[in-house]
>>> print(open('start-v2.csv').read())   # CSV, C-alpha atoms and all ligand atoms
chain,number,residue,atom,x,y,z
A,1,MET,CA,-36.7,-15.2,-19.3
A,2,PRO,CA,-37.3,-12.9,-16.3
A,3,THR,CA,-40.0,-14.0,-13.8
A,4,PRO,CA,-43.2,-12.1,-14.5
A,5,ARG,CA,-44.6,-9.9,-11.8
A,6,LEU,CA,-46.5,-11.6,-9.0
A,7,LEU,CA,-50.3,-10.9,-8.9
A,8,LEU,CA,-52.2,-11.7,-5.7
A,9,VAL,CA,-55.9,-12.6,-6.4
A,10,ALA,CA,-58.2,-13.9,-3.7
A,11,ALA,CA,-60.9,-16.4,-4.8
A,12,CYS,CA,-63.7,-18.1,-3.0
A,13,ALA,CA,-65.6,-21.4,-3.4
A,14,LEU,CA,-69.1,-20.4,-2.2
A,15,ILE,CA,-70.9,-23.5,-1.1
A,16,ASP,CA,-74.7,-23.8,-0.8
A,17,ALA,CA,-76.8,-26.1,1.4
A,18,ASP,CA,-76.7,-28.8,-1.3
A,19,ASN,CA,-72.9,-28.8,-1.3
A,20,ARG,CA,-72.8,-27.1,-4.8
A,21,ILE,CA,-70.1,-24.6,-5.7
A,22,LEU,CA,-70.7,-21.2,-7.3
A,23,LEU,CA,-69.0,-20.6,-10.6
A,24,THR,CA,-69.2,-17.3,-12.5
A,25,GLU,CA,-68.5,-16.8,-16.2
A,26,ARG,CA,-65.8,-14.3,-17.2
A,27,PRO,CA,-67.6,-11.7,-19.4
A,28,ALA,CA,-66.8,-11.0,-23.0
A,29,GLY,CA,-64.0,-8.5,-23.5
A,30,LYS,CA,-62.0,-9.6,-20.5
A,31,SER,CA,-59.0,-11.8,-20.6
A,32,LEU,CA,-60.0,-15.5,-20.4
A,33,ALA,CA,-63.5,-14.5,-21.5
A,34,GLY,CA,-66.1,-17.3,-21.4
A,35,LEU,CA,-64.2,-19.4,-18.9
A,36,TRP,CA,-65.8,-20.3,-15.6
A,37,GLU,CA,-64.1,-19.2,-12.4
A,38,PHE,CA,-64.5,-18.7,-8.7
A,39,PRO,CA,-65.7,-15.3,-7.6
A,40,GLY,CA,-62.9,-13.0,-6.4
A,41,GLY,CA,-60.4,-10.5,-7.7
A,42,LYS,CA,-57.1,-8.7,-7.2
A,43,VAL,CA,-56.1,-7.8,-3.7
A,44,GLU,CA,-55.9,-4.0,-3.8
A,45,ALA,CA,-53.3,-2.0,-1.8
A,46,GLY,CA,-54.3,-1.8,1.9
A,47,GLU,CA,-56.7,-4.8,1.7
A,48,THR,CA,-56.4,-8.2,3.3
A,49,PRO,CA,-57.4,-11.1,1.0
A,50,GLU,CA,-60.5,-11.5,3.2
A,51,GLU,CA,-61.5,-7.9,2.7
A,52,THR,CA,-61.0,-8.3,-1.0
A,53,LEU,CA,-63.4,-11.3,-1.0
A,54,ILE,CA,-66.0,-9.6,1.1
A,55,ARG,CA,-65.9,-6.6,-1.4
A,56,GLU,CA,-65.9,-8.7,-4.5
A,57,LEU,CA,-68.7,-11.1,-3.4
A,58,ARG,CA,-70.8,-8.0,-2.6
A,59,GLU,CA,-70.0,-6.2,-5.9
A,60,GLU,CA,-70.0,-9.2,-8.3
A,61,ILE,CA,-72.8,-11.4,-6.9
A,62,GLY,CA,-74.6,-9.4,-4.2
A,63,VAL,CA,-73.7,-11.8,-1.4
A,64,GLU,CA,-72.6,-10.6,2.1
A,65,THR,CA,-70.2,-12.5,4.3
A,66,LYS,CA,-67.6,-12.0,7.0
A,67,ALA,CA,-63.9,-12.8,7.5
A,68,ASP,CA,-64.8,-15.4,10.1
A,69,CYS,CA,-66.8,-17.3,7.4
A,70,LEU,CA,-63.9,-17.5,5.0
A,71,ALA,CA,-61.8,-20.7,5.5
A,72,PRO,CA,-58.6,-21.2,3.6
A,73,LEU,CA,-58.6,-24.4,1.5
A,74,THR,CA,-55.6,-24.3,-0.9
A,75,PHE,CA,-54.0,-22.0,-3.4
A,76,ALA,CA,-53.1,-21.7,-7.1
A,77,SER,CA,-49.7,-20.7,-8.3
A,78,HIS,CA,-49.6,-20.4,-12.1
A,79,THR,CA,-47.5,-18.5,-14.6
A,80,TYR,CA,-49.5,-16.6,-17.2
A,81,GLU,CA,-47.9,-14.7,-20.0
A,82,ASP,CA,-47.9,-11.3,-18.3
A,83,PHE,CA,-47.9,-12.2,-14.6
A,84,HIS,CA,-47.5,-15.0,-12.1
A,85,LEU,CA,-50.8,-15.6,-10.3
A,86,LEU,CA,-50.8,-16.5,-6.6
A,87,MET,CA,-54.4,-17.2,-5.7
A,88,PRO,CA,-55.5,-18.3,-2.3
A,89,LEU,CA,-58.8,-20.2,-2.5
A,90,TYR,CA,-61.2,-19.8,0.4
A,91,VAL,CA,-64.3,-21.8,1.2
A,92,CYS,CA,-67.4,-20.0,2.4
A,93,ARG,CA,-70.6,-21.8,3.5
A,94,ARG,CA,-72.1,-18.9,5.6
A,95,PHE,CA,-73.3,-16.0,3.6
A,96,GLU,CA,-76.4,-13.9,3.2
A,97,GLY,CA,-78.3,-13.0,0.0
A,98,ILE,CA,-79.2,-14.8,-3.2
A,99,ALA,CA,-76.2,-14.9,-5.6
A,100,ARG,CA,-76.9,-13.2,-8.9
A,101,GLY,CA,-74.6,-11.9,-11.7
A,102,LEU,CA,-74.5,-8.2,-10.9
A,103,GLU,CA,-72.0,-7.4,-13.6
A,104,GLY,CA,-74.1,-9.2,-16.3
A,105,GLN,CA,-72.1,-12.4,-15.9
A,106,GLN,CA,-73.7,-15.9,-15.9
A,107,ILE,CA,-73.5,-17.8,-12.6
A,108,LYS,CA,-74.0,-21.5,-11.9
A,109,TRP,CA,-74.2,-23.7,-8.9
A,110,VAL,CA,-72.2,-26.9,-9.7
A,111,ARG,CA,-71.5,-30.2,-8.0
A,112,ALA,CA,-67.8,-30.8,-7.3
A,113,ALA,CA,-67.9,-33.9,-9.5
A,114,ASP,CA,-69.2,-31.8,-12.4
A,115,LEU,CA,-66.6,-29.0,-12.2
A,116,ARG,CA,-64.6,-30.4,-15.1
A,117,ALA,CA,-67.5,-30.0,-17.4
A,118,TYR,CA,-67.0,-26.2,-17.2
A,119,PRO,CA,-64.0,-24.7,-19.0
A,120,MET,CA,-61.9,-23.0,-16.3
A,121,PRO,CA,-58.7,-20.9,-16.4
A,122,PRO,CA,-55.6,-23.2,-16.4
A,123,ALA,CA,-54.6,-21.9,-12.9
A,124,ASP,CA,-57.9,-23.3,-11.5
A,125,LEU,CA,-57.6,-26.9,-12.7
A,126,PRO,CA,-55.3,-28.1,-9.9
A,127,LEU,CA,-57.8,-26.8,-7.4
A,128,ILE,CA,-60.6,-29.1,-8.4
A,129,PRO,CA,-59.4,-32.2,-6.5
A,130,PHE,CA,-59.3,-30.3,-3.3
A,131,LEU,CA,-63.0,-29.4,-3.7
A,132,VAL,CA,-63.9,-32.9,-4.7
A,133,ASP,CA,-62.2,-34.2,-1.5
A,134,LEU,CA,-63.8,-31.6,0.6
A,135,LEU,CA,-67.3,-32.2,-0.7
B,1,LIG,N1,-61.5,-14.2,-9.7
B,1,LIG,C1,-60.8,-15.1,-10.2
B,1,LIG,N2,-59.7,-14.8,-11.0
B,1,LIG,C2,-59.0,-15.8,-11.5
B,1,LIG,C3,-59.4,-17.2,-11.3
B,1,LIG,N3,-58.5,-18.0,-12.0
B,1,LIG,C4,-57.6,-17.2,-12.6
B,1,LIG,O1,-56.7,-17.5,-13.3
B,1,LIG,N4,-58.0,-15.8,-12.3
B,1,LIG,C5,-57.2,-14.7,-12.9
B,1,LIG,O2,-57.0,-13.8,-11.8
B,1,LIG,C6,-57.2,-12.4,-12.3
B,1,LIG,C7,-58.3,-11.9,-11.5
B,1,LIG,O3,-58.4,-10.6,-11.6
B,1,LIG,P1,-59.7,-9.8,-11.7
B,1,LIG,O4,-60.8,-10.7,-12.1
B,1,LIG,O5,-59.8,-8.9,-10.6
B,1,LIG,O6,-59.3,-9.0,-12.9
B,1,LIG,P2,-60.2,-8.3,-14.0
B,1,LIG,O7,-61.6,-8.7,-13.8
B,1,LIG,O8,-59.9,-6.9,-14.0
B,1,LIG,O9,-59.7,-9.1,-15.2
B,1,LIG,P3,-58.6,-8.6,-16.2
B,1,LIG,O10,-57.5,-7.9,-15.4
B,1,LIG,O11,-58.2,-9.8,-16.9
B,1,LIG,O12,-59.4,-7.6,-17.1
B,1,LIG,C8,-57.5,-12.5,-13.8
B,1,LIG,O13,-56.4,-12.4,-14.5
B,1,LIG,C9,-58.1,-13.9,-13.9
B,1,LIG,O14,-57.9,-14.5,-15.1
B,1,LIG,C10,-60.5,-17.5,-10.5
B,1,LIG,O15,-60.9,-18.7,-10.3
B,1,LIG,N5,-61.2,-16.5,-10.0
>>> encode(input="start-v2.csv", output="C-alpha cells", more="lines below")
Ligand SMILES: Nc1nc2c([nH]c(=O)n2[C@@H]2O[C@H](COP(=O)(O)OP(=O)(O)OP(=O)(O)O)[C@@H](O)[C@H]2O)c(=O)[nH]1
Amino acid sequence: MPTPRLLLVAACALIDADNRILLTERPAGKSLAGLWEFPGGKVEAGETPEETLIRELREEIGVETKADCLAPLTFASHTYEDFHLLMPLYVCRRFEGIARGLEGQQIKWVRAADLRAYPMPPADLPLIPFLVDLL
C-alpha cells in the first residue's frame, strides 16, 4: 500500500480562565461530522501554522490572537484513508473576543478530565493525556 499524501493541519487548544478547553463540533456534511475537535484547519500554501491558526480562530469562532500567544504542546500523526494527518497542537491562553460558532457549529468549553466524554476524531485521542498533564 502506498503511503497516502501528507496533510498539514494546525490545531489549537484554546484555554479559558477556568482552565477549560474549547471544542467545536464538526458540522453535518463534512467528513467526521458530529465529532468534537480543536479549532484549526489546513495550512494553506504560503502560510505558517501560526498564521493558519490566527486566520481559522478568527473565521471559525471570532477570536483574535497573535503568534506570540500560540505555544506548541504536541502533535498528532495519524493515517486516515485518504491522507496522513500531521497536526501540531498549540495551546493559547491569551486571546480576545468571546468564542462563538460563526459557521453554525456548536462549541463547548470542557475540562481536560472530561474530554473523553466527547467523541473526537481518532487522531485527537493521543493528544488528551498531554492536555490532562498540562491542566
Ligand atoms: N481542525 C481540526 N482538524 C482535525 C482535528 N482532528 C482531525 O483529525 N482533523 C482533521 O484535519 C482536517 C482538517 O481540515 P479542515 O477542517 O480544514 O478541513 P475541512 O473543514 O475542509 O474538512 P474536510 O476537508 O473534511 O471537508 C480534517 O480532515 C479533520 O478531520 C482537530 O482536532 N481539529
>>> closest_atom_pairs(input="start-v2.csv", of="chain A", to="ligand LIG 1 (chain B)", cutoff="6 Å", atoms="only C-alpha atoms and all ligand atoms", output="tab-separated table")
residue	atom	partner	partner_atom	distance
A:Val9	CA	B:LIG1	O2	5.6
A:Ala11	CA	B:LIG1	N5	5.2
A:Lys30	CA	B:LIG1	O12	4.7
A:Ser31	CA	B:LIG1	O11	4.3
A:Leu32	CA	B:LIG1	O14	5.8
A:Glu37	CA	B:LIG1	O15	3.9
A:Phe38	CA	B:LIG1	O15	3.9
A:Pro39	CA	B:LIG1	N1	4.8
A:Gly40	CA	B:LIG1	N1	3.8
A:Gly41	CA	B:LIG1	O5	3.4
A:Lys42	CA	B:LIG1	O5	4.3
A:Pro121	CA	B:LIG1	O1	5.0
A:Ala123	CA	B:LIG1	O1	4.9
A:Asp124	CA	B:LIG1	N3	5.4
>>> closest_residue(input="start-v2.csv", among="A:Met120, A:Val91, A:Leu6, A:Leu86", to="Arg26 of chain A", atoms="all atoms listed in the file")
A:Met120
>>> residues_around(input="start-v2.csv", residues="Tyr80 of chain A", least_positions_apart="3", cutoff="9 Å", atoms="all atoms listed in the file", output="list of chain:residue names")
A:Pro4, A:Phe83, A:His84, A:Leu85, A:Ala123
>>> closest_residue(input="start-v2.csv", among="A:Leu8, A:Ala99, A:Met87, A:Leu14", to="Glu47 of chain A", atoms="all atoms listed in the file")
A:Leu8
>>> atom_distance(input="start-v2.csv", atom1="atom CA of His78 of chain A", atom2="atom CA of Leu35 of chain A")
16.1 Å
>>> residues_around(input="start-v2.csv", residues="Leu57 of chain A", least_positions_apart="2", cutoff="12 Å", atoms="only C-alpha atoms", output="PyMOL selection string")
chain A and resi 10-14+22-24+38-41+50-55+59-66+70+92+95-103
>>> write_last_selection(input="start-v2.csv", atoms="C-alpha atoms", output="compact mmCIF listing (two decimals), keeping the file's coordinate frame")
# COMPACT_ATOMS: atom_id res chain seq x y z
CA ALA A 10 -58.20 -13.90 -3.70
CA ALA A 11 -60.90 -16.40 -4.80
CA CYS A 12 -63.70 -18.10 -3.00
CA ALA A 13 -65.60 -21.40 -3.40
CA LEU A 14 -69.10 -20.40 -2.20
CA LEU A 22 -70.70 -21.20 -7.30
CA LEU A 23 -69.00 -20.60 -10.60
CA THR A 24 -69.20 -17.30 -12.50
CA PHE A 38 -64.50 -18.70 -8.70
CA PRO A 39 -65.70 -15.30 -7.60
CA GLY A 40 -62.90 -13.00 -6.40
CA GLY A 41 -60.40 -10.50 -7.70
CA GLU A 50 -60.50 -11.50 3.20
CA GLU A 51 -61.50 -7.90 2.70
CA THR A 52 -61.00 -8.30 -1.00
CA LEU A 53 -63.40 -11.30 -1.00
CA ILE A 54 -66.00 -9.60 1.10
CA ARG A 55 -65.90 -6.60 -1.40
CA GLU A 59 -70.00 -6.20 -5.90
CA GLU A 60 -70.00 -9.20 -8.30
CA ILE A 61 -72.80 -11.40 -6.90
CA GLY A 62 -74.60 -9.40 -4.20
CA VAL A 63 -73.70 -11.80 -1.40
CA GLU A 64 -72.60 -10.60 2.10
CA THR A 65 -70.20 -12.50 4.30
CA LYS A 66 -67.60 -12.00 7.00
CA LEU A 70 -63.90 -17.50 5.00
CA CYS A 92 -67.40 -20.00 2.40
CA PHE A 95 -73.30 -16.00 3.60
CA GLU A 96 -76.40 -13.90 3.20
CA GLY A 97 -78.30 -13.00 0.00
CA ILE A 98 -79.20 -14.80 -3.20
CA ALA A 99 -76.20 -14.90 -5.60
CA ARG A 100 -76.90 -13.20 -8.90
CA GLY A 101 -74.60 -11.90 -11.70
CA LEU A 102 -74.50 -8.20 -10.90
CA GLU A 103 -72.00 -7.40 -13.60
>>> decode(input="start-v2.csv", residues="segment 93-115 of chain A", atoms="N, CA and C atoms", output="mmCIF file, in the first residue's frame")
data_model
loop_
_atom_site.group_PDB
_atom_site.id
_atom_site.type_symbol
_atom_site.label_atom_id
_atom_site.label_comp_id
_atom_site.auth_asym_id
_atom_site.auth_seq_id
_atom_site.Cartn_x
_atom_site.Cartn_y
_atom_site.Cartn_z
ATOM 1 N N ARG A 93 -3.688 30.739 25.643
ATOM 2 C CA ARG A 93 -4.439 31.269 26.791
ATOM 3 C C ARG A 93 -4.751 32.741 26.631
ATOM 4 N N ARG A 94 -4.042 33.394 25.706
ATOM 5 C CA ARG A 94 -4.225 34.844 25.548
ATOM 6 C C ARG A 94 -4.904 35.115 24.214
ATOM 7 N N PHE A 95 -6.164 35.519 24.301
ATOM 8 C CA PHE A 95 -6.937 35.819 23.087
ATOM 9 C C PHE A 95 -7.996 36.848 23.450
ATOM 10 N N GLU A 96 -8.520 37.492 22.437
ATOM 11 C CA GLU A 96 -9.569 38.488 22.648
ATOM 12 C C GLU A 96 -10.828 38.053 21.934
ATOM 13 N N GLY A 97 -11.970 38.403 22.556
ATOM 14 C CA GLY A 97 -13.254 38.071 21.943
ATOM 15 C C GLY A 97 -13.912 36.916 22.666
ATOM 16 N N ILE A 98 -15.216 36.807 22.477
ATOM 17 C CA ILE A 98 -15.968 35.717 23.092
ATOM 18 C C ILE A 98 -16.238 34.678 22.008
ATOM 19 N N ALA A 99 -15.715 33.469 22.247
ATOM 20 C CA ALA A 99 -15.806 32.431 21.216
ATOM 21 C C ALA A 99 -17.263 32.076 20.936
ATOM 22 N N ARG A 100 -17.586 32.007 19.650
ATOM 23 C CA ARG A 100 -18.919 31.567 19.227
ATOM 24 C C ARG A 100 -18.779 30.848 17.891
ATOM 25 N N GLY A 101 -19.706 29.969 17.590
ATOM 26 C CA GLY A 101 -19.623 29.177 16.360
ATOM 27 C C GLY A 101 -20.086 29.994 15.170
ATOM 28 N N LEU A 102 -19.142 30.628 14.448
ATOM 29 C CA LEU A 102 -19.523 31.526 13.354
ATOM 30 C C LEU A 102 -19.937 30.775 12.095
ATOM 31 N N GLU A 103 -19.678 29.462 12.067
ATOM 32 C CA GLU A 103 -20.046 28.679 10.880
ATOM 33 C C GLU A 103 -21.203 27.742 11.222
ATOM 34 N N GLY A 104 -21.952 28.113 12.253
ATOM 35 C CA GLY A 104 -23.126 27.319 12.642
ATOM 36 C C GLY A 104 -22.791 26.123 13.513
ATOM 37 N N GLN A 105 -21.522 25.972 13.847
ATOM 38 C CA GLN A 105 -21.118 24.795 14.623
ATOM 39 C C GLN A 105 -21.335 25.037 16.121
ATOM 40 N N GLN A 106 -21.610 23.973 16.850
ATOM 41 C CA GLN A 106 -21.676 24.070 18.309
ATOM 42 C C GLN A 106 -20.263 24.169 18.858
ATOM 43 N N ILE A 107 -20.135 24.890 19.963
ATOM 44 C CA ILE A 107 -18.847 24.927 20.651
ATOM 45 C C ILE A 107 -19.080 24.627 22.124
ATOM 46 N N LYS A 108 -18.047 24.131 22.796
ATOM 47 C CA LYS A 108 -18.164 23.830 24.236
ATOM 48 C C LYS A 108 -16.839 24.027 24.938
ATOM 49 N N TRP A 109 -16.879 24.608 26.133
ATOM 50 C CA TRP A 109 -15.700 24.699 26.991
ATOM 51 C C TRP A 109 -15.721 23.480 27.903
ATOM 52 N N VAL A 110 -14.652 22.704 27.882
ATOM 53 C CA VAL A 110 -14.630 21.383 28.509
ATOM 54 C C VAL A 110 -13.403 21.250 29.412
ATOM 55 N N ARG A 111 -13.588 20.658 30.575
ATOM 56 C CA ARG A 111 -12.439 20.376 31.451
ATOM 57 C C ARG A 111 -11.608 19.241 30.848
ATOM 58 N N ALA A 112 -10.288 19.299 31.049
ATOM 59 C CA ALA A 112 -9.413 18.272 30.475
ATOM 60 C C ALA A 112 -9.883 16.873 30.892
ATOM 61 N N ALA A 113 -10.276 16.732 32.159
ATOM 62 C CA ALA A 113 -10.685 15.414 32.663
ATOM 63 C C ALA A 113 -11.970 14.918 31.998
ATOM 64 N N ASP A 114 -12.721 15.820 31.358
ATOM 65 C CA ASP A 114 -13.998 15.426 30.727
ATOM 66 C C ASP A 114 -13.881 15.260 29.206
ATOM 67 N N LEU A 115 -12.674 15.468 28.658
ATOM 68 C CA LEU A 115 -12.545 15.435 27.191
ATOM 69 C C LEU A 115 -13.023 14.114 26.600
#
